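Novice: File my_file02.txt follows (compact mmCIF, C-alpha atoms and all ligand atoms):
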```txt
# COMPACT_ATOMS: atom_id res chain seq x y z
CA MET A 171 -189.75 -13.05 -58.86
CA SER A 172 -190.32 -10.14 -56.49
CA LEU A 173 -192.32 -7.32 -58.06
CA PRO A 174 -192.21 -3.66 -56.98
CA PRO A 175 -195.12 -2.25 -54.95
CA VAL A 176 -198.24 -1.19 -56.84
CA GLY A 177 -200.49 1.76 -55.94
CA VAL A 178 -204.27 1.30 -55.69
CA PHE A 179 -206.26 4.53 -55.99
CA ILE A 180 -209.75 3.69 -54.72
CA LEU A 181 -212.74 5.87 -55.61
CA GLY A 182 -215.00 5.48 -52.57
CA ALA A 183 -212.05 4.41 -50.38
CA ARG A 184 -213.95 4.91 -47.10
CA GLY A 185 -216.92 2.72 -48.03
CA SER A 186 -217.61 -0.77 -46.63
CA VAL A 187 -215.79 -2.57 -49.43
CA GLY A 188 -212.96 -0.01 -49.29
CA ALA A 189 -212.57 -0.63 -45.54
CA CYS A 190 -212.52 -4.43 -46.05
CA VAL A 191 -209.89 -4.05 -48.79
CA ALA A 192 -207.78 -1.93 -46.40
CA LEU A 193 -208.19 -4.38 -43.50
CA GLY A 194 -207.50 -7.28 -45.86
CA THR A 195 -204.25 -5.95 -47.31
CA SER A 196 -202.83 -4.94 -43.95
CA GLY A 197 -204.03 -8.22 -42.37
CA LEU A 198 -202.40 -10.24 -45.17
CA ARG A 199 -199.18 -8.30 -44.59
CA SER A 200 -199.21 -8.92 -40.82
CA GLY A 201 -200.15 -12.57 -41.31
CA ARG A 202 -203.46 -12.13 -39.44
CA PHE A 203 -205.46 -13.34 -42.44
CA ASP A 204 -204.83 -16.01 -45.04
CA ALA A 205 -205.75 -15.69 -48.72
CA THR A 206 -209.10 -17.54 -48.53
CA GLY A 207 -211.51 -15.91 -50.99
CA LEU A 208 -208.79 -14.70 -53.37
CA VAL A 209 -209.24 -16.40 -56.74
CA THR A 210 -205.65 -15.58 -57.71
CA ALA A 211 -204.30 -17.39 -54.63
CA ARG A 212 -205.26 -20.79 -56.05
CA GLU A 213 -204.04 -22.86 -58.98
CA PRO A 214 -203.38 -22.18 -61.83
CA PHE A 215 -202.32 -18.70 -60.68
CA ALA A 216 -199.39 -19.79 -58.50
CA ARG A 217 -196.90 -19.54 -61.38
CA VAL A 218 -198.33 -16.30 -62.76
CA PRO A 219 -196.13 -13.27 -61.95
CA LEU A 220 -198.70 -11.28 -59.96
CA VAL A 221 -197.96 -8.56 -57.44
CA ASP A 222 -198.22 -9.81 -53.86
CA PRO A 223 -201.44 -8.45 -52.27
CA SER A 224 -199.42 -7.41 -49.23
CA ASN A 225 -197.32 -5.23 -51.57
CA LEU A 226 -200.19 -2.90 -52.51
CA VAL A 227 -200.15 0.73 -51.37
CA LEU A 228 -203.69 2.03 -50.92
CA GLY A 229 -205.16 5.52 -51.13
CA GLY A 230 -207.83 7.27 -53.17
CA MET A 231 -210.82 9.59 -52.98
CA ASP A 232 -214.07 9.83 -51.07
CA VAL A 233 -216.81 12.39 -50.67
CA ARG A 234 -217.77 11.68 -47.07
CA ARG A 235 -216.56 13.15 -43.82
CA GLY A 236 -215.08 10.73 -41.30
CA THR A 237 -212.13 8.41 -41.38
CA LEU A 238 -211.26 4.95 -42.63
CA ARG A 239 -211.01 3.97 -38.96
CA ASP A 240 -214.72 4.90 -38.50
CA SER A 241 -215.60 2.74 -41.53
CA ALA A 242 -213.52 -0.18 -40.21
CA LEU A 243 -215.18 0.12 -36.78
CA ALA A 244 -218.58 0.07 -38.50
CA ILE A 245 -217.48 -3.15 -40.24
CA SER A 246 -216.53 -4.65 -36.88
CA ARG A 247 -219.88 -3.65 -35.34
CA GLN A 248 -221.50 -5.74 -38.11
CA GLY A 249 -219.55 -8.75 -36.82
CA ILE A 250 -217.43 -9.09 -39.96
CA VAL A 251 -214.14 -8.76 -38.08
CA GLY A 252 -213.54 -8.34 -34.35
CA PRO A 253 -212.75 -4.86 -32.90
CA ASP A 254 -209.32 -6.28 -31.94
CA VAL A 255 -208.52 -6.63 -35.66
CA VAL A 256 -209.32 -2.96 -36.27
CA GLU A 257 -207.19 -1.96 -33.26
CA ALA A 258 -204.28 -4.10 -34.44
CA GLU A 259 -204.39 -2.67 -37.99
CA MET A 260 -205.01 0.92 -36.85
CA GLU A 261 -201.61 2.28 -37.84
CA SER A 262 -201.96 0.95 -41.36
CA LEU A 263 -205.55 2.28 -41.64
CA GLU A 264 -204.42 5.75 -40.57
CA GLU A 265 -201.58 5.67 -43.07
CA ILE A 266 -204.02 4.81 -45.88
CA ASP A 267 -206.43 7.50 -44.66
CA GLY A 268 -203.66 10.06 -45.09
CA ARG A 269 -203.65 9.22 -48.80
CA ILE A 270 -207.43 9.69 -49.30
CA VAL A 271 -208.45 13.05 -50.76
CA PRO A 272 -211.92 14.61 -51.25
CA GLY A 273 -213.76 13.48 -54.38
CA PHE A 274 -216.51 14.97 -56.54
CA LEU A 275 -220.26 14.39 -56.22
CA ASP A 276 -222.17 12.98 -59.17
CA ALA A 277 -224.62 15.69 -60.35
CA PRO A 278 -227.88 13.86 -59.37
CA ASP A 279 -226.38 13.28 -55.88
CA VAL A 280 -225.74 16.97 -55.23
CA GLU A 281 -229.37 17.57 -54.26
CA LEU A 282 -229.61 14.34 -52.23
CA ALA A 283 -226.36 14.85 -50.27
CA GLN A 284 -226.65 15.80 -46.60
CA PRO A 285 -224.15 18.67 -46.10
CA GLU A 286 -223.23 17.41 -42.61
CA GLU A 287 -222.15 14.06 -44.11
CA VAL A 288 -220.19 15.41 -47.08
CA HIS A 289 -216.56 16.56 -46.97
CA PRO A 290 -216.41 20.39 -47.07
CA GLU A 291 -214.02 20.39 -50.05
CA THR A 292 -216.42 18.13 -51.96
CA LEU A 293 -219.25 20.54 -51.16
CA ALA A 294 -217.14 23.46 -52.34
CA SER A 295 -216.46 21.72 -55.68
CA ARG A 296 -220.12 20.91 -56.41
CA SER A 297 -220.32 23.03 -59.54
CA VAL A 298 -216.89 22.59 -61.13
CA PRO A 299 -217.19 21.78 -64.85
CA PRO A 300 -216.61 18.17 -66.02
CA SER A 301 -213.24 18.98 -67.62
CA GLU A 302 -212.07 20.40 -64.29
CA VAL A 303 -213.17 17.20 -62.47
CA VAL A 304 -211.03 15.27 -64.95
CA SER A 305 -207.98 17.47 -64.53
CA ARG A 306 -208.22 17.60 -60.71
CA THR A 307 -208.67 13.81 -60.55
CA GLY A 308 -205.65 13.34 -62.82
CA LYS A 309 -203.58 15.55 -60.53
CA ALA A 310 -204.78 13.66 -57.44
CA ILE A 311 -203.68 10.36 -59.02
CA GLU A 312 -200.28 11.86 -59.91
CA LEU A 313 -199.81 13.15 -56.38
CA PHE A 314 -200.76 9.77 -54.94
CA GLN A 315 -198.28 8.04 -57.24
CA ALA A 316 -195.48 10.29 -56.01
CA ARG A 317 -196.43 9.97 -52.31
CA ALA A 318 -196.81 6.21 -52.55
CA ALA A 319 -193.52 6.00 -54.49
CA VAL A 320 -194.95 3.55 -57.03
CA LYS A 321 -194.53 3.24 -60.78
CA THR A 322 -197.95 1.73 -61.49
CA VAL A 323 -201.29 2.87 -60.05
CA VAL A 324 -204.46 0.83 -60.58
CA VAL A 325 -207.62 2.92 -60.20
CA VAL A 326 -210.63 1.05 -58.76
CA ASN A 327 -214.16 2.41 -58.59
CA LEU A 328 -215.80 1.38 -55.29
CA ALA A 329 -217.94 4.51 -54.98
CA SER A 330 -221.69 4.41 -54.28
CA THR A 331 -223.80 3.35 -57.25
CA GLU A 332 -224.79 6.35 -59.32
CA ALA A 333 -228.26 7.18 -60.57
CA ALA A 334 -228.70 5.22 -63.84
CA ARG A 335 -228.34 7.25 -67.01
CA PRO A 336 -228.11 5.92 -70.55
CA SER A 337 -224.82 6.28 -72.38
CA PRO A 338 -225.61 8.43 -75.47
CA ALA A 339 -224.86 6.60 -78.75
CA ARG A 340 -222.45 9.38 -79.69
CA TRP A 341 -220.18 8.35 -76.81
CA SER A 342 -219.15 5.31 -78.82
CA GLU A 343 -216.71 7.71 -80.54
CA LEU A 344 -213.85 9.24 -78.59
CA SER A 345 -213.99 12.51 -80.56
CA SER A 346 -217.72 13.04 -79.81
CA PHE A 347 -217.20 12.23 -76.13
CA GLU A 348 -214.28 14.67 -75.91
CA HIS A 349 -216.37 17.30 -77.68
CA ASP A 350 -219.11 16.90 -75.01
CA LEU A 351 -216.50 16.96 -72.25
CA ALA A 352 -215.02 20.21 -73.52
CA ALA A 353 -218.51 21.70 -73.99
CA GLY A 354 -219.41 20.97 -70.33
CA ALA A 355 -222.21 18.46 -71.18
CA PRO A 356 -223.50 16.43 -68.21
CA ILE A 357 -221.36 13.29 -67.80
CA PRO A 358 -221.60 10.88 -64.82
CA VAL A 359 -218.72 11.43 -62.42
CA SER A 360 -217.77 7.72 -62.62
CA THR A 361 -217.04 8.25 -66.33
CA LEU A 362 -215.06 11.43 -65.63
CA TYR A 363 -212.99 9.49 -63.07
CA ALA A 364 -212.47 6.65 -65.58
CA TYR A 365 -211.41 9.11 -68.27
CA ALA A 366 -208.91 10.77 -65.89
CA ALA A 367 -207.47 7.38 -64.85
CA ILE A 368 -207.04 6.08 -68.40
CA GLN A 369 -205.69 9.42 -69.61
CA ALA A 370 -203.10 9.17 -66.81
CA GLY A 371 -202.09 5.73 -68.16
CA CYS A 372 -203.56 3.81 -65.17
CA PRO A 373 -205.33 0.44 -65.48
CA TYR A 374 -208.94 0.98 -64.38
CA VAL A 375 -211.43 -1.37 -62.70
CA ASN A 376 -215.13 -0.55 -62.27
CA PHE A 377 -216.52 -2.77 -59.50
CA THR A 378 -219.82 -0.83 -59.47
CA PRO A 379 -222.85 -0.76 -61.80
CA SER A 380 -222.13 2.92 -62.58
CA LEU A 381 -221.25 3.85 -66.17
CA GLY A 382 -217.47 4.24 -65.61
CA ALA A 383 -215.47 3.17 -68.67
CA SER A 384 -218.43 1.40 -70.38
CA PRO A 385 -218.93 3.90 -73.26
CA GLY A 386 -217.02 2.88 -76.39
CA ALA A 387 -215.13 6.19 -76.28
CA LEU A 388 -213.40 5.17 -73.05
CA ASP A 389 -212.40 1.81 -74.51
CA ALA A 390 -210.98 3.63 -77.53
CA LEU A 391 -209.02 5.91 -75.19
CA ALA A 392 -207.74 2.87 -73.26
CA ARG A 393 -206.54 1.24 -76.49
CA ALA A 394 -204.89 4.45 -77.64
CA ARG A 395 -203.14 4.87 -74.26
CA GLY A 396 -202.21 1.17 -74.03
CA VAL A 397 -204.24 0.72 -70.82
CA PRO A 398 -206.36 -2.30 -69.77
CA HIS A 399 -209.70 -1.82 -68.02
CA ALA A 400 -212.36 -4.10 -66.52
CA GLY A 401 -215.97 -3.89 -65.30
CA CYS A 402 -218.84 -3.70 -64.52
CA ASP A 403 -220.43 -4.53 -61.19
CA GLY A 404 -218.69 -7.16 -59.08
CA LYS A 405 -220.35 -10.60 -59.08
CA THR A 406 -220.21 -11.54 -55.40
CA GLY A 407 -223.46 -13.15 -54.24
CA GLU A 408 -226.85 -13.93 -55.73
CA THR A 409 -225.76 -13.29 -59.34
CA LEU A 410 -222.70 -15.50 -58.83
CA VAL A 411 -224.96 -18.38 -57.75
CA LYS A 412 -227.41 -17.62 -60.58
CA THR A 413 -224.74 -17.71 -63.29
CA ALA A 414 -223.34 -20.94 -61.85
CA LEU A 415 -226.79 -22.63 -61.64
CA ALA A 416 -228.45 -21.37 -64.84
CA PRO A 417 -226.03 -23.29 -67.13
CA MET A 418 -227.04 -26.51 -65.33
CA PHE A 419 -230.68 -26.04 -66.38
CA ARG A 420 -229.57 -25.13 -69.91
CA ASP A 421 -227.19 -28.10 -70.24
CA ARG A 422 -229.72 -30.63 -68.87
CA ASN A 423 -232.35 -29.23 -71.26
CA LEU A 424 -234.63 -28.34 -68.36
CA GLN A 425 -236.80 -25.38 -69.34
CA VAL A 426 -236.75 -22.56 -66.81
CA LEU A 427 -240.21 -20.97 -66.73
CA ALA A 428 -239.64 -18.41 -64.01
CA TRP A 429 -236.72 -17.15 -61.92
CA GLU A 430 -237.74 -14.78 -59.19
CA GLY A 431 -234.96 -13.35 -57.03
CA TYR A 432 -235.35 -11.22 -53.95
CA ASN A 433 -232.49 -9.45 -52.16
CA LEU A 434 -232.58 -7.88 -48.71
CA LEU A 435 -229.68 -5.73 -47.55
CA GLY A 436 -229.10 -3.09 -44.94
CA ASN A 437 -225.73 -1.44 -45.54
CA ALA A 438 -224.98 1.98 -47.08
CA ASP A 439 -225.04 0.36 -50.53
CA GLY A 440 -228.57 -0.89 -49.73
CA LYS A 441 -229.58 2.61 -48.65
CA THR A 442 -228.24 4.07 -51.91
CA LEU A 443 -230.12 1.41 -53.87
CA SER A 444 -233.38 2.21 -52.06
CA ASP A 445 -233.58 5.26 -54.35
CA PRO A 446 -235.32 4.13 -57.60
CA ALA A 447 -232.90 6.00 -59.92
CA HIS A 448 -229.88 4.36 -58.24
CA LYS A 449 -231.57 0.94 -58.06
CA ALA A 450 -232.26 0.85 -61.81
CA ALA A 451 -228.58 0.33 -62.72
CA LYS A 452 -228.23 -2.64 -60.37
CA LEU A 453 -231.47 -4.35 -61.45
CA LEU A 454 -230.51 -4.22 -65.10
CA ASN A 455 -227.16 -5.97 -64.46
CA LYS A 456 -228.68 -8.64 -62.21
CA ASP A 457 -231.46 -9.58 -64.63
CA GLU A 458 -229.42 -9.37 -67.82
CA ALA A 459 -226.97 -12.12 -66.77
CA LEU A 460 -229.74 -14.74 -66.49
CA ARG A 461 -231.32 -13.96 -69.85
CA ARG A 462 -227.93 -14.11 -71.56
CA VAL A 463 -227.38 -17.68 -70.24
CA LEU A 464 -230.91 -19.03 -70.69
CA GLY A 465 -231.78 -17.15 -73.87
CA ASP A 466 -234.07 -14.14 -74.02
CA ARG A 467 -237.32 -16.13 -74.54
CA PRO A 468 -240.54 -14.06 -74.33
CA ASP A 469 -242.17 -16.78 -72.16
CA LEU A 470 -239.35 -16.72 -69.59
CA HIS A 471 -240.38 -14.78 -66.49
CA THR A 472 -237.46 -13.24 -64.59
CA ARG A 473 -237.51 -10.56 -61.95
CA VAL A 474 -235.12 -9.24 -59.35
CA GLY A 475 -236.14 -7.28 -56.27
CA ILE A 476 -233.84 -5.36 -53.94
CA GLU A 477 -235.14 -4.05 -50.63
CA TYR A 478 -233.35 -2.03 -47.97
CA VAL A 479 -233.70 -3.59 -44.49
CA PRO A 480 -231.53 -1.43 -42.18
CA SER A 481 -231.22 -3.97 -39.34
CA LEU A 482 -229.43 -6.46 -41.63
CA GLY A 483 -226.41 -4.19 -42.07
CA ASP A 484 -223.79 -5.74 -44.38
CA TRP A 485 -225.44 -9.19 -44.21
CA LYS A 486 -227.29 -9.62 -47.44
CA THR A 487 -229.92 -12.32 -47.81
CA ALA A 488 -231.09 -13.42 -51.23
CA TRP A 489 -233.95 -15.82 -51.84
CA ASP A 490 -234.36 -17.25 -55.32
CA PHE A 491 -237.31 -19.29 -56.57
CA ILE A 492 -236.85 -21.20 -59.82
CA HIS A 493 -239.81 -22.84 -61.55
CA PHE A 494 -238.83 -25.25 -64.33
CA ARG A 495 -240.29 -27.87 -66.67
CA GLY A 496 -238.83 -31.32 -67.38
CA PHE A 497 -239.69 -34.48 -69.36
CA LEU A 498 -243.44 -35.31 -69.68
CA GLY A 499 -244.06 -31.60 -69.11
CA THR A 500 -243.57 -32.09 -65.37
CA ARG A 501 -243.16 -28.84 -63.43
CA MET A 502 -240.69 -28.64 -60.55
CA THR A 503 -239.04 -26.02 -58.34
CA LEU A 504 -235.66 -25.19 -56.88
CA GLN A 505 -235.22 -22.60 -54.16
CA PHE A 506 -232.09 -21.31 -52.50
CA THR A 507 -231.20 -18.74 -49.89
CA TRP A 508 -227.82 -17.06 -49.68
CA THR A 509 -226.67 -15.06 -46.69
CA GLY A 510 -223.31 -13.38 -47.06
CA SER A 511 -221.32 -10.39 -45.87
CA ASP A 512 -221.37 -8.32 -49.02
CA SER A 513 -218.15 -6.46 -48.30
CA ALA A 514 -216.14 -9.50 -47.16
CA LEU A 515 -217.15 -11.26 -50.39
CA ALA A 516 -216.22 -8.26 -52.52
CA ALA A 517 -212.85 -7.30 -50.99
CA PRO A 518 -210.77 -10.31 -52.15
CA LEU A 519 -212.18 -9.96 -55.69
CA VAL A 520 -211.04 -6.33 -55.71
CA LEU A 521 -207.52 -7.53 -54.81
CA ASP A 522 -207.70 -10.18 -57.57
CA LEU A 523 -208.73 -7.55 -60.10
CA VAL A 524 -205.95 -5.18 -59.07
CA ARG A 525 -203.40 -7.99 -59.49
CA LEU A 526 -204.82 -9.01 -62.88
CA ALA A 527 -205.12 -5.41 -64.17
CA GLU A 528 -201.51 -4.68 -63.21
CA LEU A 529 -200.38 -7.90 -64.90
CA SER A 530 -202.35 -7.03 -68.06
CA CYS A 531 -200.72 -3.61 -68.14
CA ARG A 532 -197.24 -5.13 -67.71
CA ARG A 533 -197.98 -7.57 -70.55
CA GLY A 534 -198.80 -4.64 -72.84
CA GLU A 535 -202.51 -5.47 -73.14
CA SER A 536 -205.07 -2.72 -73.62
CA GLY A 537 -208.84 -2.27 -73.74
CA ALA A 538 -211.49 -4.38 -71.97
CA MET A 539 -210.12 -7.36 -70.02
CA ALA A 540 -212.58 -9.97 -71.34
CA HIS A 541 -210.65 -12.70 -69.47
CA ALA A 542 -211.81 -11.11 -66.17
CA ALA A 543 -215.51 -11.63 -67.03
CA ALA A 544 -216.01 -14.15 -64.15
CA PHE A 545 -215.68 -11.26 -61.67
CA PHE A 546 -218.54 -9.17 -63.06
CA LYS A 547 -222.30 -9.17 -63.50
CA SER A 548 -222.00 -7.23 -66.79
CA PRO A 549 -218.52 -7.94 -68.11
CA LEU A 550 -217.07 -5.69 -70.79
CA GLY A 551 -215.56 -7.10 -73.98
CA THR A 552 -217.59 -10.35 -74.01
CA SER A 553 -221.22 -11.46 -74.04
CA GLU A 554 -220.40 -14.64 -72.05
CA ARG A 555 -222.35 -14.79 -68.75
CA ASP A 556 -221.93 -18.50 -67.89
CA PHE A 557 -219.73 -18.53 -64.78
CA HIS A 558 -218.08 -21.87 -65.64
CA ARG A 559 -217.08 -20.77 -69.15
CA GLN A 560 -215.89 -17.40 -67.82
CA ASN A 561 -213.76 -19.19 -65.24
CA GLN A 562 -212.34 -21.52 -67.87
CA ARG A 563 -211.27 -18.51 -69.94
CA LEU A 564 -209.61 -16.93 -66.90
CA GLU A 565 -207.68 -20.14 -66.17
CA GLU A 566 -206.57 -20.41 -69.82
CA TYR A 567 -205.30 -16.83 -69.58
CA ALA A 568 -203.45 -17.66 -66.34
CA ARG A 569 -201.78 -20.70 -67.91
CA ALA A 570 -200.68 -18.62 -70.91
CA ALA A 571 -199.31 -15.92 -68.58
CA SER A 572 -197.43 -18.41 -66.36
CA GLU A 573 -193.69 -17.95 -66.04
N1 LIG B 601 -220.32 -5.47 -51.75
C1 LIG B 601 -220.62 -6.14 -52.83
O1 LIG B 601 -220.80 -7.34 -52.80
C2 LIG B 601 -220.72 -5.42 -54.14
C3 LIG B 601 -220.94 -6.16 -55.29
C4 LIG B 601 -221.03 -5.50 -56.51
C5 LIG B 601 -220.90 -4.13 -56.56
N2 LIG B 601 -220.72 -3.41 -55.43
C6 LIG B 601 -220.65 -1.96 -55.55
O2 LIG B 601 -219.48 -1.47 -54.92
C7 LIG B 601 -219.73 -0.13 -54.48
C8 LIG B 601 -219.26 0.01 -53.04
O3 LIG B 601 -220.09 -0.75 -52.18
P1 LIG B 601 -220.04 -0.44 -50.62
O4 LIG B 601 -220.88 -1.45 -49.96
O5 LIG B 601 -218.65 -0.23 -50.16
O6 LIG B 601 -220.81 0.97 -50.57
P2 LIG B 601 -220.66 2.12 -49.48
O7 LIG B 601 -221.87 2.97 -49.64
O8 LIG B 601 -220.35 1.57 -48.14
O9 LIG B 601 -219.36 2.92 -49.95
C9 LIG B 601 -219.33 3.77 -51.03
C10 LIG B 601 -218.34 4.90 -50.74
O10 LIG B 601 -218.29 5.72 -51.90
C11 LIG B 601 -218.25 7.07 -51.48
N3 LIG B 601 -218.69 7.90 -52.61
C12 LIG B 601 -219.95 8.15 -53.03
N4 LIG B 601 -219.94 8.93 -54.12
C13 LIG B 601 -218.63 9.15 -54.42
C14 LIG B 601 -217.97 9.88 -55.42
N5 LIG B 601 -218.65 10.51 -56.38
N6 LIG B 601 -216.61 9.91 -55.42
C15 LIG B 601 -215.89 9.26 -54.46
N7 LIG B 601 -216.48 8.56 -53.46
C16 LIG B 601 -217.82 8.51 -53.45
C17 LIG B 601 -219.17 7.11 -50.27
O11 LIG B 601 -218.91 8.25 -49.46
C18 LIG B 601 -218.78 5.80 -49.58
O12 LIG B 601 -217.71 5.99 -48.67
C19 LIG B 601 -221.21 0.13 -54.71
O13 LIG B 601 -221.40 0.83 -55.92
C20 LIG B 601 -221.78 -1.25 -54.84
O14 LIG B 601 -222.98 -1.31 -55.61
C21 LIG B 601 -220.61 -4.02 -54.22
```
Take the structure from the file and write it as structure tokens.

Specialist:
Amino acid sequence: MSLPPVGVFILGARGSVGACVALGTSGLRSGRFDATGLVTAREPFARVPLVDPSNLVLGGMDVRRGTLRDSALAISRQGIVGPDVVEAEMESLEEIDGRIVPGFLDAPDVELAQPEEVHPETLASRSVPPSEVVSRTGKAIELFQARAAVKTVVVVNLASTEAARPSPARWSELSSFEHDLAAGAPIPVSTLYAYAAIQAGCPYVNFTPSLGASPGALDALARARGVPHAGCDGKTGETLVKTALAPMFRDRNLQVLAWEGYNLLGNADGKTLSDPAHKAAKLLNKDEALRRVLGDRPDLHTRVGIEYVPSLGDWKTAWDFIHFRGFLGTRMTLQFTWTGSDSALAAPLVLDLVRLAELSCRRGESGAMAHAAAFFKSPLGTSERDFHRQNQRLEEYARAASE
């Protein structure tokens, strides 16, 4: 069955992951790349009616100056793809760039932003009230939908991680959240974007640790509007390995005493995370997954470090040291190192999530997509953090959704 094209409105469209998603979709279309890395390209997804990744029309928002071409060239300077690939896909990149409009800065980022790096229209809209951010974002999505000539638009948050802020308990209710929105209370821009997307009837994916659609109010809105949503924080590297390995210790009844993880990264995401307020959101998600699998024992020592090492660029290295106790009280260790291109690992998962969110919407599902938990560090709608069980649930969903 051939499905009509689907629009993908990316928040943070000119970032590293955004550029890899753009290069990936146009490269899949031209046949330059195969589907390695896409979960939905393997069994049991072959018989599931999913939109073809080459049939996605990209666009979105960003707050930075510069072009998608600049971002793609930066990706090639990191050795992720050759400069010839960027040259060959240039026309498609420029076309996508024409559908990227200026976004809105999150309030704590206004002071940190370097005016010479920020788009002038973003700078000019620094102090617009939250309700205006929602309405302008809604209009931008509508305009994109018309320009891209698509019926369905999936909104994906790939913007820089925001400074961590707690979600007030009152935001579990839609009416209280909407009261705060109308009153101009401070609300993270990721949540304003999510609200605008869901209000516009668009499936929404939060690939970042930012708040996005996590408050209960947004889930209530999604259910009322008949819209599916998924998040938070893509599980691409160290946490993926952790949530695959931790169940092994649990299932062999080996007692983990300590799990110390250390991440070094040098890309723009790493730079953002070098600020303590921005780092806090990421650390919480990375540590939480392990405790959920192993049990939150007071004697279990876990810690995650993230350090910005500019020379590494997009190549993230994680070193994990696991100290555990076996029979006879014997103490042993396991260590692993993981070196991956963060953005090349993330991009195919973004395409998977777009395909699954569009399918969910077509199937009339709404609210948190718990079946997509395997893609996230802090999945919404389920407390399951064991990668194998999450994957099993996803495959069961795929079999049920098969034609
Ligand atoms: N790469 C991975 O493996 C991975 C895994 C999990 C989560 N993430 C998350 O995905 C996001 C993107 O990562 P990246 O490496 O592409 O980062 P990046 O810094 O290269 O790109 C982020 C983009 O977002 C833009 N942006 C910032 N604030 C914005 C706003 N308010 N509205 C619109 N655009 C805004 C920036 O200008 C930039 O172009 C980050 O939040 C990161 O933590 C990445």

Novice: Which chain A residues have any atom within 6 Å of an atom of ligand LIG 601 (chain B), and for each, what is the nearest pair of atoms with distance in Å to one decimal, counting only C-alpha atoms and all ligand atoms, rows sorted by chain and number, as JSON lines?

Specialist:
```
{"residue": "A:Leu181", "atom": "CA", "partner": "B:LIG601", "partner_atom": "C15", "distance": 4.8}
{"residue": "A:Gly182", "atom": "CA", "partner": "B:LIG601", "partner_atom": "O10", "distance": 3.4}
{"residue": "A:Arg184", "atom": "CA", "partner": "B:LIG601", "partner_atom": "O12", "distance": 4.2}
{"residue": "A:Gly185", "atom": "CA", "partner": "B:LIG601", "partner_atom": "O9", "distance": 3.1}
{"residue": "A:Ser186", "atom": "CA", "partner": "B:LIG601", "partner_atom": "O5", "distance": 3.7}
{"residue": "A:Val187", "atom": "CA", "partner": "B:LIG601", "partner_atom": "O5", "distance": 3.8}
{"residue": "A:Gly188", "atom": "CA", "partner": "B:LIG601", "partner_atom": "O5", "distance": 5.8}
{"residue": "A:Met231", "atom": "CA", "partner": "B:LIG601", "partner_atom": "C15", "distance": 5.3}
{"residue": "A:Asp232", "atom": "CA", "partner": "B:LIG601", "partner_atom": "N7", "distance": 3.6}
{"residue": "A:Val233", "atom": "CA", "partner": "B:LIG601", "partner_atom": "N7", "distance": 4.7}
{"residue": "A:Arg234", "atom": "CA", "partner": "B:LIG601", "partner_atom": "O11", "distance": 4.3}
{"residue": "A:Gly273", "atom": "CA", "partner": "B:LIG601", "partner_atom": "N6", "distance": 4.7}
{"residue": "A:Phe274", "atom": "CA", "partner": "B:LIG601", "partner_atom": "N5", "distance": 4.9}
{"residue": "A:Leu275", "atom": "CA", "partner": "B:LIG601", "partner_atom": "N5", "distance": 4.2}
{"residue": "A:Asp276", "atom": "CA", "partner": "B:LIG601", "partner_atom": "N5", "distance": 5.1}
{"residue": "A:Leu328", "atom": "CA", "partner": "B:LIG601", "partner_atom": "C7", "distance": 4.3}
{"residue": "A:Ala329", "atom": "CA", "partner": "B:LIG601", "partner_atom": "O10", "distance": 3.3}
{"residue": "A:Ser330", "atom": "CA", "partner": "B:LIG601", "partner_atom": "O13", "distance": 3.9}
{"residue": "A:Thr331", "atom": "CA", "partner": "B:LIG601", "partner_atom": "O13", "distance": 3.7}
{"residue": "A:Phe377", "atom": "CA", "partner": "B:LIG601", "partner_atom": "C5", "distance": 5.4}
{"residue": "A:Thr378", "atom": "CA", "partner": "B:LIG601", "partner_atom": "C6", "distance": 4.2}
{"residue": "A:Asp403", "atom": "CA", "partner": "B:LIG601", "partner_atom": "C5", "distance": 4.7}
{"residue": "A:Gly404", "atom": "CA", "partner": "B:LIG601", "partner_atom": "C4", "distance": 3.9}
{"residue": "A:Lys405", "atom": "CA", "partner": "B:LIG601", "partner_atom": "C4", "distance": 5.8}
{"residue": "A:Thr406", "atom": "CA", "partner": "B:LIG601", "partner_atom": "O1", "distance": 5.0}
{"residue": "A:Ala438", "atom": "CA", "partner": "B:LIG601", "partner_atom": "O7", "distance": 4.1}
{"residue": "A:Asp439", "atom": "CA", "partner": "B:LIG601", "partner_atom": "O7", "distance": 4.2}
{"residue": "A:Asp512", "atom": "CA", "partner": "B:LIG601", "partner_atom": "O1", "distance": 3.9}
{"residue": "A:Ser513", "atom": "CA", "partner": "B:LIG601", "partner_atom": "N1", "distance": 4.2}
{"residue": "A:Leu515", "atom": "CA", "partner": "B:LIG601", "partner_atom": "O1", "distance": 5.9}
{"residue": "A:Ala516", "atom": "CA", "partner": "B:LIG601", "partner_atom": "O1", "distance": 4.7}
```

Novice: With a distance cut-off of 8 Å and all atoms listed in the file, select the neighbouring residues of Leu523 of chain A, excluding the residue or stretch itself and same-chain residues fewer than 4 positions from it, and output the selection as a ChimeraX atom specification.

Specialist: /A:375,519,527,542

Novice: Determine the nearest neighbour of Val426 of chain A from the options A:Cys531, A:Val251, A:Ala183, A:Ile492, counting all atoms listed in the file.

Specialist: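 Closest residue, counting all atoms listed in the file: A:Ile492.
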
Novice: Contacts of Thr552 of chain A at 10 Å or less, counting all atoms listed in the file, minus same-chain residues fewer than 6 places along, as a list in words?

Specialist: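 Returned residues: Ala538, Met539, Ala540, His541, Ala542, Ala543 and Gln560 of chain A.
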
Novice: Got time to write the residues from that selection, C-alpha atoms, as a tab-separated table (two decimals), in the coordinates of the input?

Specialist:
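File part-v2.tsv, as written:
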```
chain	number	residue	atom	x	y	z
A	538	ALA	CA	-211.49	-4.38	-71.97
A	539	MET	CA	-210.12	-7.36	-70.02
A	540	ALA	CA	-212.58	-9.97	-71.34
A	541	HIS	CA	-210.65	-12.70	-69.47
A	542	ALA	CA	-211.81	-11.11	-66.17
A	543	ALA	CA	-215.51	-11.63	-67.03
A	560	GLN	CA	-215.89	-17.40	-67.82
```
